[in-house]
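Data block for coords25.txt (compact mmCIF, C-alpha atoms):
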# COMPACT_ATOMS: atom_id res chain seq x y z
CA MET A 227 117.55 126.10 116.66
CA SER A 228 118.16 129.86 116.73
CA GLY A 229 117.86 132.13 113.72
CA SER A 230 121.63 132.72 113.65
CA ALA A 231 122.26 128.96 113.64
CA ARG A 232 119.92 128.55 110.71
CA ARG A 233 121.64 131.36 108.79
CA SER A 234 125.02 129.73 109.34
CA MET A 235 123.91 126.37 107.94
CA PRO A 236 126.08 125.67 104.86
CA SER A 237 124.33 125.52 101.50
CA ILE A 238 124.62 122.69 99.02
CA GLU A 239 126.79 124.98 96.89
CA VAL A 240 129.27 125.28 99.76
CA VAL A 241 129.29 121.50 100.21
CA ALA A 242 129.91 121.04 96.47
CA LYS A 243 132.83 123.47 96.53
CA GLU A 244 134.33 121.75 99.59
CA ALA A 245 134.04 118.35 97.87
CA GLY A 246 135.41 119.61 94.56
CA VAL A 247 132.33 118.59 92.54
CA SER A 248 129.50 120.37 90.77
CA THR A 249 126.39 121.48 92.63
CA ALA A 250 124.32 118.98 90.60
CA THR A 251 126.61 116.11 91.61
CA ALA A 252 126.45 117.15 95.25
CA GLY A 253 122.66 117.29 95.05
CA ARG A 254 122.45 113.78 93.61
CA ALA A 255 124.86 112.38 96.21
CA LEU A 256 123.04 113.99 99.14
CA GLY A 257 119.58 113.27 97.77
CA GLY A 258 120.19 109.64 96.90
CA TYR A 259 118.97 109.92 93.32
CA GLY A 260 120.55 109.80 89.90
CA SER A 261 124.00 108.54 88.96
CA VAL A 262 127.06 109.47 91.06
CA SER A 263 130.43 107.75 91.13
CA GLY A 264 131.47 106.12 94.36
CA LYS A 265 134.46 108.46 94.73
CA SER A 266 132.33 111.58 94.26
CA ARG A 267 129.66 110.34 96.64
CA GLU A 268 132.24 109.68 99.37
CA ALA A 269 133.77 113.14 98.85
CA VAL A 270 130.38 114.86 99.09
CA LEU A 271 129.27 112.96 102.19
CA ALA A 272 132.60 113.63 103.90
CA ALA A 273 132.35 117.35 103.08
CA ALA A 274 128.76 117.47 104.36
CA GLU A 275 129.87 115.84 107.62
CA ARG A 276 132.76 118.30 108.10
CA LEU A 277 130.56 121.32 107.40
CA GLY A 278 127.57 120.14 109.41
CA TYR A 279 125.28 120.19 106.39
CA ARG A 280 121.74 118.90 106.86
CA ALA A 281 119.66 118.02 103.83
CA ASN A 282 116.40 119.87 103.23
CA SER A 283 114.03 116.91 103.08
CA LEU A 284 111.22 118.99 101.57
CA ALA A 285 113.41 120.20 98.74
CA ARG A 286 114.75 116.70 98.18
CA SER A 287 111.23 115.28 97.98
CA MET A 288 110.28 117.91 95.38
CA ILE A 289 113.22 116.80 93.24
CA THR A 290 112.95 113.03 93.64
CA GLY A 291 109.24 112.63 94.33
CA LEU A 292 110.17 110.70 97.50
CA THR A 293 110.07 111.62 101.19
CA HIS A 294 112.39 108.74 102.14
CA THR A 295 110.02 107.65 104.89
CA LEU A 296 108.28 104.31 105.33
CA GLY A 297 105.21 103.70 107.48
CA VAL A 298 104.88 100.60 109.67
CA LEU A 299 101.56 99.54 111.22
CA VAL A 300 101.61 96.77 113.83
CA PRO A 301 98.79 95.59 116.12
CA ASP A 302 100.79 95.40 119.36
CA ILE A 303 104.32 96.78 119.74
CA GLU A 304 104.53 95.15 123.20
CA ASN A 305 104.35 91.75 121.51
CA PRO A 306 108.00 90.62 121.14
CA PHE A 307 107.26 89.33 117.63
CA PHE A 308 106.34 92.76 116.31
CA SER A 309 109.04 94.67 118.19
CA ARG A 310 111.72 92.33 116.82
CA ALA A 311 110.29 92.47 113.29
CA LEU A 312 110.23 96.27 113.51
CA ARG A 313 113.95 96.22 114.28
CA GLY A 314 114.55 94.29 111.07
CA ILE A 315 112.50 96.77 109.04
CA ALA A 316 114.20 99.78 110.63
CA ASP A 317 117.72 98.40 110.17
CA VAL A 318 117.17 97.81 106.46
CA ALA A 319 115.60 101.25 106.04
CA HIS A 320 118.35 103.08 107.94
CA GLU A 321 121.10 101.30 106.02
CA ARG A 322 119.64 102.82 102.85
CA GLY A 323 119.09 106.28 104.32
CA TRP A 324 115.37 105.97 104.99
CA GLU A 325 113.34 106.74 108.12
CA VAL A 326 110.46 104.78 109.65
CA LEU A 327 107.20 106.06 111.14
CA LEU A 328 105.54 103.56 113.50
CA VAL A 329 101.86 103.28 114.41
CA ASN A 330 100.49 100.84 116.98
CA THR A 331 96.89 99.88 116.06
CA ASP A 332 95.97 97.87 119.19
CA GLU A 333 94.13 95.33 117.01
CA ASP A 334 91.57 98.09 116.34
CA LEU A 335 90.40 98.36 112.73
CA SER A 336 89.21 101.96 113.15
CA LEU A 337 92.65 102.98 114.45
CA GLU A 338 94.29 101.18 111.54
CA ARG A 339 92.14 103.01 109.00
CA LYS A 340 92.84 106.35 110.66
CA ALA A 341 96.58 105.62 110.69
CA LEU A 342 96.53 104.74 107.00
CA GLY A 343 94.96 108.12 106.28
CA VAL A 344 97.47 110.02 108.43
CA LEU A 345 100.51 108.27 106.93
CA THR A 346 99.18 108.78 103.41
CA GLU A 347 98.74 112.50 104.11
CA ARG A 348 102.33 112.60 105.36
CA ARG A 349 103.35 111.17 101.99
CA VAL A 350 105.15 108.08 103.19
CA ASP A 351 106.65 106.26 100.24
CA GLY A 352 105.47 102.79 101.28
CA LEU A 353 103.88 100.81 104.10
CA VAL A 354 104.60 97.58 105.96
CA VAL A 355 101.35 96.46 107.57
CA ALA A 356 100.39 93.63 109.90
CA PRO A 357 96.65 94.06 109.33
CA THR A 358 94.15 93.99 112.18
CA ASP A 359 91.33 92.44 110.17
CA THR A 360 92.43 90.20 107.32
CA ALA A 361 88.90 90.18 105.93
CA ASP A 362 88.94 93.96 105.41
CA ARG A 363 90.93 94.99 102.37
CA ASP A 364 89.20 98.16 101.17
CA ALA A 365 91.35 100.68 103.06
CA LEU A 366 94.60 98.96 102.08
CA GLN A 367 93.44 98.64 98.48
CA ASP A 368 92.75 102.38 98.41
CA VAL A 369 96.34 103.02 99.52
CA ILE A 370 97.70 100.75 96.79
CA ASP A 371 95.42 102.35 94.19
CA ALA A 372 96.88 105.72 95.22
CA GLY A 373 100.31 104.45 94.15
CA ILE A 374 101.76 103.69 97.60
CA PRO A 375 103.29 100.18 97.78
CA VAL A 376 102.19 97.92 100.64
CA VAL A 377 103.91 94.83 102.05
CA LEU A 378 101.97 92.62 104.45
CA LEU A 379 103.86 91.21 107.42
CA ASP A 380 102.82 87.93 109.07
CA ARG A 381 99.14 88.30 108.15
CA ARG A 382 97.75 87.97 104.65
CA VAL A 383 94.65 89.67 103.25
CA PRO A 384 92.97 87.44 100.63
CA GLY A 385 92.48 89.23 97.34
CA LEU A 386 94.84 92.12 98.11
CA ASP A 387 97.40 92.78 95.38
CA ALA A 388 100.44 93.10 97.66
CA ASP A 389 103.70 91.38 98.59
CA THR A 390 103.62 89.30 101.76
CA VAL A 391 106.25 87.98 104.17
CA GLY A 392 105.64 85.20 106.68
CA ILE A 393 106.10 81.50 107.40
CA ASP A 394 104.27 78.31 106.51
CA ASN A 395 101.96 78.60 109.51
CA ARG A 396 99.98 75.47 108.78
CA ALA A 397 103.03 73.23 108.52
CA ALA A 398 104.64 74.74 111.63
CA ALA A 399 101.54 74.24 113.79
CA LYS A 400 101.06 70.73 112.48
CA ASP A 401 104.64 69.82 113.36
CA ALA A 402 104.29 71.24 116.89
CA THR A 403 101.05 69.32 117.45
CA GLU A 404 102.59 66.10 116.13
CA ARG A 405 105.40 66.44 118.66
CA LEU A 406 102.86 66.60 121.48
CA LEU A 407 101.02 63.60 120.03
CA ALA A 408 104.31 61.68 119.93
CA LEU A 409 104.60 62.28 123.68
CA GLY A 410 101.29 60.50 124.19
CA HIS A 411 99.02 63.55 124.51
CA ARG A 412 95.53 63.04 123.14
CA SER A 413 93.83 66.04 124.75
CA ILE A 414 95.63 69.09 123.36
CA ALA A 415 94.25 72.61 123.75
CA LEU A 416 94.88 75.39 121.24
CA LEU A 417 95.20 79.04 122.31
CA THR A 418 94.76 81.07 119.14
CA GLY A 419 94.35 84.59 120.44
CA GLY A 420 91.93 85.36 117.63
CA ASP A 421 88.71 87.21 118.26
CA GLU A 422 84.99 86.59 118.39
CA LYS A 423 84.79 86.48 114.58
CA LEU A 424 86.89 83.31 114.64
CA ARG A 425 84.81 81.52 117.24
CA PRO A 426 81.92 80.43 114.98
CA ARG A 427 84.29 78.58 112.65
CA LEU A 428 86.79 77.32 115.20
CA ALA A 429 84.04 76.00 117.48
CA ARG A 430 82.17 73.91 114.91
CA PRO A 431 82.32 70.13 115.38
CA GLY A 432 85.57 68.85 113.92
CA LEU A 433 86.66 72.47 113.42
CA ARG A 434 84.88 72.55 110.07
CA GLY A 435 85.31 75.94 108.50
CA VAL A 436 88.96 76.31 109.46
CA GLU A 437 89.89 75.77 105.82
CA ARG A 438 88.27 79.10 104.99
CA LEU A 439 90.64 80.79 107.43
CA GLY A 440 93.72 79.21 105.87
CA ALA A 441 94.92 82.50 104.39
CA THR A 442 95.16 84.07 107.87
CA THR A 443 97.88 83.38 110.41
CA VAL A 444 95.51 82.12 113.11
CA GLY A 445 93.40 80.16 110.66
CA ALA A 446 96.39 78.45 109.07
CA ARG A 447 97.81 77.45 112.45
CA ALA A 448 94.43 76.17 113.59
CA ALA A 449 94.21 74.15 110.39
CA GLY A 450 97.67 72.65 111.03
CA TYR A 451 96.63 71.69 114.56
CA ARG A 452 93.49 70.08 113.16
CA ASP A 453 95.46 68.25 110.45
CA ALA A 454 97.75 66.61 113.01
CA LEU A 455 94.86 65.45 115.20
CA VAL A 456 92.77 64.09 112.35
CA GLU A 457 95.71 62.23 110.80
CA SER A 458 96.25 60.58 114.21
CA GLY A 459 92.62 59.48 114.34
CA ILE A 460 91.63 62.04 116.98
CA GLU A 461 88.43 64.05 116.64
CA PRO A 462 89.21 67.68 117.58
CA ARG A 463 87.22 68.94 120.57
CA PRO A 464 85.79 72.42 119.97
CA GLU A 465 85.87 73.25 123.69
CA LEU A 466 89.67 72.91 123.64
CA VAL A 467 90.05 75.75 121.13
CA SER A 468 90.27 79.24 122.65
CA ALA A 469 89.98 82.53 120.75
CA GLU A 470 89.51 84.78 123.75
CA GLY A 471 92.08 87.47 122.95
CA PHE A 472 95.74 88.17 122.19
CA ARG A 473 96.86 89.56 125.54
CA ARG A 474 98.56 87.70 128.36
CA GLU A 475 95.57 88.12 130.67
CA ASP A 476 93.28 86.70 127.97
CA ALA A 477 95.46 83.58 127.76
CA ALA A 478 95.50 83.23 131.55
CA ALA A 479 91.70 83.38 131.68
CA ALA A 480 91.41 80.88 128.82
CA THR A 481 93.84 78.48 130.51
CA THR A 482 91.87 78.64 133.75
CA ARG A 483 88.69 77.82 131.84
CA LEU A 484 90.30 74.98 129.91
CA LEU A 485 91.77 73.35 133.00
CA GLY A 486 88.41 73.56 134.73
CA LEU A 487 86.75 71.33 132.10
CA PRO A 488 85.55 67.87 133.19
CA ASP A 489 88.13 66.39 130.80
CA PRO A 490 90.91 69.02 130.80
CA PRO A 491 93.79 69.10 128.33
CA THR A 492 97.12 67.51 129.21
CA ALA A 493 98.97 69.82 126.81
CA ILE A 494 98.53 73.33 125.41
CA LEU A 495 99.77 74.80 122.13
CA ALA A 496 99.94 78.62 122.40
CA LEU A 497 100.20 80.48 119.12
CA ASP A 498 102.47 83.31 120.28
CA SER A 499 104.80 84.15 123.14
CA LEU A 500 102.40 86.45 125.02
CA LEU A 501 99.80 83.68 125.05
CA ALA A 502 102.41 81.24 126.37
CA LEU A 503 103.23 83.68 129.18
CA GLY A 504 99.55 83.82 130.06
CA VAL A 505 99.41 80.03 130.28
CA LEU A 506 102.35 79.96 132.69
CA GLN A 507 100.78 82.71 134.77
CA ALA A 508 97.54 80.73 135.10
CA LEU A 509 99.36 77.50 135.98
CA ARG A 510 101.19 79.28 138.79
CA ARG A 511 97.95 80.69 140.18
CA LEU A 512 96.31 77.27 140.01
CA GLY A 513 99.22 75.60 141.77
CA LEU A 514 99.98 73.40 138.74
CA ARG A 515 103.39 72.55 137.33
CA CYS A 516 104.69 72.60 133.79
CA PRO A 517 105.30 70.02 132.40
CA ALA A 518 104.46 67.62 135.25
CA ASP A 519 100.77 68.59 135.20
CA VAL A 520 100.39 70.32 131.85
CA SER A 521 102.78 70.38 128.90
CA LEU A 522 103.20 73.61 126.94
CA VAL A 523 104.57 74.50 123.51
CA GLY A 524 104.63 78.07 122.21
CA PHE A 525 105.30 80.02 119.03
CA ASP A 526 108.23 82.48 118.88
CA ASP A 527 111.52 82.06 120.70
CA ALA A 528 111.24 85.12 122.96
CA ASP A 529 114.24 86.24 125.01
CA TRP A 530 112.72 84.83 128.20
CA ALA A 531 111.80 81.40 126.75
CA GLU A 532 115.13 79.80 127.65
CA ALA A 533 115.58 81.70 130.93
CA ILE A 534 112.46 80.45 132.72
CA SER A 535 112.13 77.15 134.56
CA PRO A 536 111.37 74.94 132.80
CA PRO A 537 112.69 76.40 129.53
CA LEU A 538 109.94 76.67 126.94
CA SER A 539 109.78 74.47 123.85
CA VAL A 540 108.89 76.68 120.88
CA VAL A 541 108.34 77.01 117.17
CA ALA A 542 111.08 79.55 116.44
CA GLN A 543 110.34 82.00 113.66
CA PRO A 544 113.10 84.06 112.00
CA VAL A 545 111.37 87.22 113.24
CA TYR A 546 114.14 89.76 112.60
CA GLU A 547 114.66 88.43 109.07
CA LEU A 548 110.90 88.53 108.41
CA GLY A 549 110.98 92.25 109.16
CA ALA A 550 114.16 92.80 107.19
CA GLU A 551 112.74 90.98 104.16
CA ALA A 552 109.56 93.06 104.36
CA GLY A 553 111.71 96.20 104.38
CA ARG A 554 113.72 95.03 101.37
CA LEU A 555 110.62 94.12 99.37
CA LEU A 556 109.03 97.47 100.14
CA LEU A 557 112.08 99.50 99.14
CA ASP A 558 112.32 97.52 95.91
CA ARG A 559 108.71 98.47 95.18
CA VAL A 560 109.29 102.11 96.07
CA HIS A 561 112.18 102.22 93.62
CA GLY A 562 109.92 101.03 90.84
CA THR A 563 110.33 97.25 90.75
CA ASP A 564 107.60 96.05 88.40
CA ARG A 565 106.67 92.44 89.06
CA ARG A 566 103.78 90.36 90.25
CA PRO A 567 103.27 90.22 94.03
CA VAL A 568 105.60 87.77 95.75
CA HIS A 569 104.87 85.73 98.87
CA ARG A 570 108.02 85.04 100.85
CA ARG A 571 107.83 82.09 103.25
CA LEU A 572 110.85 81.80 105.54
CA PRO A 573 111.67 78.53 107.37
CA THR A 574 110.94 77.85 111.03
CA ARG A 575 112.64 75.43 113.41
CA PHE A 576 111.38 73.60 116.47
CA VAL A 577 113.42 74.22 119.62
CA GLU A 578 112.89 71.34 122.03
CA ARG A 579 113.45 72.28 125.66
CA GLU A 580 111.73 71.07 128.83
CA SER A 581 108.16 72.37 128.91
CA ALA A 582 106.65 69.30 127.22
CA ARG A 583 106.90 65.71 128.50
CA SER A 584 105.18 62.37 128.07
CA VAL A 585 101.79 61.86 129.58
CA ARG A 586 101.86 60.13 132.97
CA THR A 587 99.20 57.52 133.67
CA PRO A 588 98.60 55.31 136.73
CA ALA A 589 100.56 52.59 134.94
CA GLY A 590 103.52 54.89 134.35
CA LEU A 591 104.62 56.82 131.30
CA THR A 592 103.17 56.59 127.83
CA GLY A 593 104.86 57.74 124.67
CA ARG A 594 108.36 59.15 124.35
CA ASP A 595 109.76 61.07 127.32
CA SER A 596 112.93 62.91 126.40
CA THR A 597 112.75 65.60 129.07
CA SER A 598 111.96 63.80 132.32
CA PRO A 599 114.48 61.82 134.36

Just give me the structure as structure tokens.
Amino acid sequence: MSGSARRSMPSIEVVAKEAGVSTATAGRALGGYGSVSGKSREAVLAAAERLGYRANSLARSMITGLTHTLGVLVPDIENPFFSRALRGIADVAHERGWEVLLVNTDEDLSLERKALGVLTERRVDGLVVAPTDTADRDALQDVIDAGIPVVLLDRRVPGLDADTVGIDNRAAAKDATERLLALGHRSIALLTGGDEKLRPRLARPGLRGVERLGATTVGARAAGYRDALVESGIEPRPELVSAEGFRREDAAAATTRLLGLPDPPTAILALDSLLALGVLQALRRLGLRCPADVSLVGFDDADWAEAISPPLSVVAQPVYELGAEAGRLLLDRVHGTDRRPVHRRLPTRFVERESARSVRTPAGLTGRDSTSP
């Protein structure tokens, strides 16, 4: 903007005169603080629009103590879950006149810690975080101790004094596994994403140690998978649990390994939509068909899930609303809501399509087959 354009920018006094209110009233209406009648607020905003007034955010922050910006840290913005949740956060923020600063951490704890420092220095008023390492709470605790509210999205950090928003991961994974069991599957693989830190616990006989991971998203889903198998009298097979990475290519490599086992799985439960895509990619390369050769159930009802052939059966999470609820909780905290941390758990639903079918045996079909002719 040129110097002459800056000099011609109307002042708040000019806006107040145009609206027929006092300068103090105009300041409160434009700054979003204090008490202003609805009629006065509308008059001020209309006058500001006519005159082309732009608020001085620095001056406003000095008056209110707020910058009206929220920080959002997600591990992978290319993952449809996080991009959709971000839309929910941003919509809630924008409706209330707030802006959002996004950081993608790439599942890298060092990047997450650096981002927390940068956003704190920029004086964001609050943070929505899907943490990279749910066992590491020191950096987030430092942010909270500095007076900046934090809401955790999807992933919980045990012992952290913060609001959380997610689903009942254990129950959702158990339900999905039970549906595969009802179709006659007894050899069901689990693609967790996860990382090498999860392997020691997930790979123990009978998946002992999963209980300790119950506070994490991956751990809770693994526990639900285990619950369903054990209640059906099936001993979980550690070699059918993969924690090789969150990316599509990781899932493709894991699927290739799983299907190369002497006793390969007849069904796969993938714990997010990118992992499910990786499974389908591997099946295509191997010349196998879904569900004729391998059944597949995924988490998250991505846009493509119904468009592919066969359409993918999924555990559908209310992803947009998860983000929106995180935004609402955070803004409540920013505005001084004093209450104990709350843990919102929104309901999921199972969407049955055509990617899972009954197991075929030499004698014919076993179990219930609702998708095959």

query = By how many Å are CA of Phe307 in chain A and CA of Leu378 in chain A apart?
reply = 14.6 Å

key: 12 Å contact set for range 338-343 of chain A, all atoms listed in the file, chain neighbours under 2 positions out, as a PyMOL selection string   = chain A and resi 296-302+327-336+345-350+352-360+362-370+372+374+376

query = For the atom pair CA of Arg565 in chain A and CA of Leu548 in chain A, what is the interatomic distance in Å to one decimal place?
reply = 20.2 Å

d(CA of Leu455 in chain A, CA of Thr492 in chain A) in Å =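 For CA of Leu455 in chain A relative to CA of Thr492 in chain A, the distance reads 14.3 Å.
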
request  = Might you pull out every residue within 7 Å of range 393-404 of chain A, with all atoms listed in the file counted and same-chain residues fewer than 4 positions away left off, and present them as a ChimeraX atom specification?
outcome  = /A:408,443,446-447,449-451,453-454,571-573

inquiry  = When you look at Ala272 in chain A with a cut-off of 10 Å (counting all atoms listed in the file), what residues show up, excluding the ones that are within fewer than 6 positions of it in the same chain? I need them as a VMD selection string.
reply    = chain A and resid 241 244 to 245 266 278

Resulting file, chosen residues, C-alpha atoms, as a tab-separated table (two decimals), keeping the file's coordinate frame:
chain	number	residue	atom	x	y	z
A	241	VAL	CA	129.29	121.50	100.21
A	244	GLU	CA	134.33	121.75	99.59
A	245	ALA	CA	134.04	118.35	97.87
A	266	SER	CA	132.33	111.58	94.26
A	278	GLY	CA	127.57	120.14	109.41

key: Best match for closeness to Arg381 in chain A among A:Arg254, A:Pro537, A:Arg570, A:Leu514, counting all atoms listed in the file   =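 Among A:Arg254, A:Pro537, A:Arg570, A:Leu514, it is A:Arg570 that comes nearest to Arg381 in chain A.
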
key: Which of A:Val383, A:Tyr546, A:His294, A:Ala388 sits closest to Asp371 in chain A [using all atoms listed in the file]   =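 Closest residue, counting all atoms listed in the file: A:Ala388.
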
A:Leu485, A:Leu538, A:Ala311, A:Ile238 ranked by distance to Pro517 in chain A, top pick (using only C-alpha atoms) = A:Leu538

request  = Return the single residue from A:Glu325, A:Asp317, A:Glu465, A:Asp389 that is closest to Thr481 in chain A, with distances computed using all atoms listed in the file.
outcome  =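 When distances to Thr481 in chain A are compared using all atoms listed in the file, the smallest one comes from A:Glu465.
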
message = Calculated over all atoms listed in the file, which of the candidates A:Leu495, A:Leu271, A:Ala316, A:Val585 has the smallest distance to Ile414 in chain A?
response =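 Smallest separation from Ile414 in chain A among the options: A:Leu495.
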
message = List as a PyMOL selection string the protein and nucleic acid residues near Glu239 in chain A, meaning an atom at most 10 Å away when only C-alpha atoms are counted, but skip any in the same chain fewer than 6 places from it.
response = chain A and resi 245+247-250+252-253

Write to file, as a PDB file, in the coordinates of the input, the residues of the selection just made, with C-alpha atoms.
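So the final result, stored in selection-v2.pdb, reads:
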ATOM      1  CA  ALA A 245     134.040 118.350  97.870  1.00  0.00           C
ATOM      2  CA  VAL A 247     132.330 118.590  92.540  1.00  0.00           C
ATOM      3  CA  SER A 248     129.500 120.370  90.770  1.00  0.00           C
ATOM      4  CA  THR A 249     126.390 121.480  92.630  1.00  0.00           C
ATOM      5  CA  ALA A 250     124.320 118.980  90.600  1.00  0.00           C
ATOM      6  CA  ALA A 252     126.450 117.150  95.250  1.00  0.00           C
ATOM      7  CA  GLY A 253     122.660 117.290  95.050  1.00  0.00           C
TER       8      GLY A 253
END

message = Using all atoms listed in the file, which protein or nucleic acid residues come within 8 Å of Cys516 in chain A? Drop anything in the same chain fewer than 5 positions from it, and give the result as a ChimeraX atom specification.
response = /A:506,509,521-522,536,581-582

Which residue of A:Ala255, A:Val467, A:Ala242, A:Leu512 approaches Pro491 in chain A most closely, using only C-alpha atoms = A:Val467
